[in-house]
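To start, the structure itself, in structure tokens.
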Amino acid sequence: MTRRATLRTTHDDPDIVAAALTPDNTESMQTTVEGDELVTTIERDSTGGLQSTVDDYVVNVTVAETVIAATRTHTTTNHE
């Protein structure tokens, strides 16, 4: 039996977040951009595997958002 989770997160620049996450995505993950949302579906054979992959994904989204925000701050600060 396959377990599935779909995560929807809203971002100012979902394409940039999706690009940042792509290198860490596995075959069990599919990510699309729908408007300002990043929609990722994860399918795994076990509940534990699904939980681990979702946990990793959430951490990766958080890191991507943090880096993007820091880059904006740095870029804005240097151009003023």
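As shown in the structure tokens, the chain order sets the letters A, B, ...; within each chain, residues go from 1, and ligands are also counted from 1 in the order they appear.
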
Task: DSSP strand (DSSP E) residues within chain A, as number ranges by chain - done: A: 3-10, 29-34, 37-44

Tell me, counting only C-alpha atoms, for each residue of region 34-65 of chain A within 8 Å of region 12-15 of chain A, which pair of atoms is nearest and how far apart they are in Å to one decimal, in rows ordered by chain and increasing number, as a Markdown table.
| residue | atom | partner | partner_atom | distance |
| --- | --- | --- | --- | --- |
| A:Asp36 | CA | A:Pro14 | CA | 5.8 |
| A:Glu37 | CA | A:Pro14 | CA | 6.2 |
| A:Leu38 | CA | A:Pro14 | CA | 5.8 |

What does the file look like for those residues with all heavy atoms, as a compact mmCIF listing (two decimals), in the first residue's frame?
# COMPACT_ATOMS: atom_id res chain seq x y z
N ASP A 36 0.81 31.31 -6.42
CA ASP A 36 1.83 31.58 -5.42
C ASP A 36 2.09 30.39 -4.50
O ASP A 36 2.76 30.50 -3.49
CB ASP A 36 1.47 32.82 -4.60
CG ASP A 36 0.20 32.65 -3.77
OD1 ASP A 36 -0.51 31.65 -3.97
OD2 ASP A 36 -0.07 33.52 -2.92
N GLU A 37 1.56 29.22 -4.90
CA GLU A 37 1.73 28.02 -4.09
C GLU A 37 2.71 27.03 -4.71
O GLU A 37 2.76 26.87 -5.93
CB GLU A 37 0.40 27.28 -3.91
CG GLU A 37 -0.57 27.94 -2.99
CD GLU A 37 -1.78 27.07 -2.74
OE1 GLU A 37 -2.16 26.25 -3.61
OE2 GLU A 37 -2.36 27.22 -1.66
N LEU A 38 3.44 26.39 -3.84
CA LEU A 38 4.29 25.26 -4.20
C LEU A 38 3.51 24.03 -3.75
O LEU A 38 3.14 23.93 -2.58
CB LEU A 38 5.61 25.37 -3.46
CG LEU A 38 6.79 24.57 -3.97
CD1 LEU A 38 7.09 24.91 -5.41
CD2 LEU A 38 7.99 24.85 -3.09

TODO: Calculate how many Å separate CA of Thr47 (chain A) from CA of Val61 (chain A), rounding to one decimal.
DONE: 21.0 Å

- [ ] Go through A:Ser52, A:Thr73, A:Thr32, A:Ser46 one by one, measure the shortest atom-to-atom distance of each to Ile16 (chain A) using only C-alpha atoms, and give the residue with the smallest value.
- [x]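 Smallest separation from Ile16 (chain A) among the options: A:Thr32.
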
Open item on the list: Applying 10 Å and only C-alpha atoms, which residues near region 19-30 of chain A remain after dropping the ones on its own chain fewer than 3 positions away? List them as a list in words.
Closed with: Arg4, Ala5, Thr6, Pro14, Asp15, Ile16, Val39, Thr40, Thr41, Ile42, Glu43, Arg44, Asp45, Leu50, Thr53, Val54, Asp56, Tyr57, Asn60, Val61, Val63, Ala64, Glu65, Val67 and Ile68 of chain A

- [ ] Assign secondary structure with DSSP using the backbone only, and return the residues of chain A in helix (DSSP H, G or I) as a PyMOL selection string.
- [x] chain A and resi 14-24+47-79
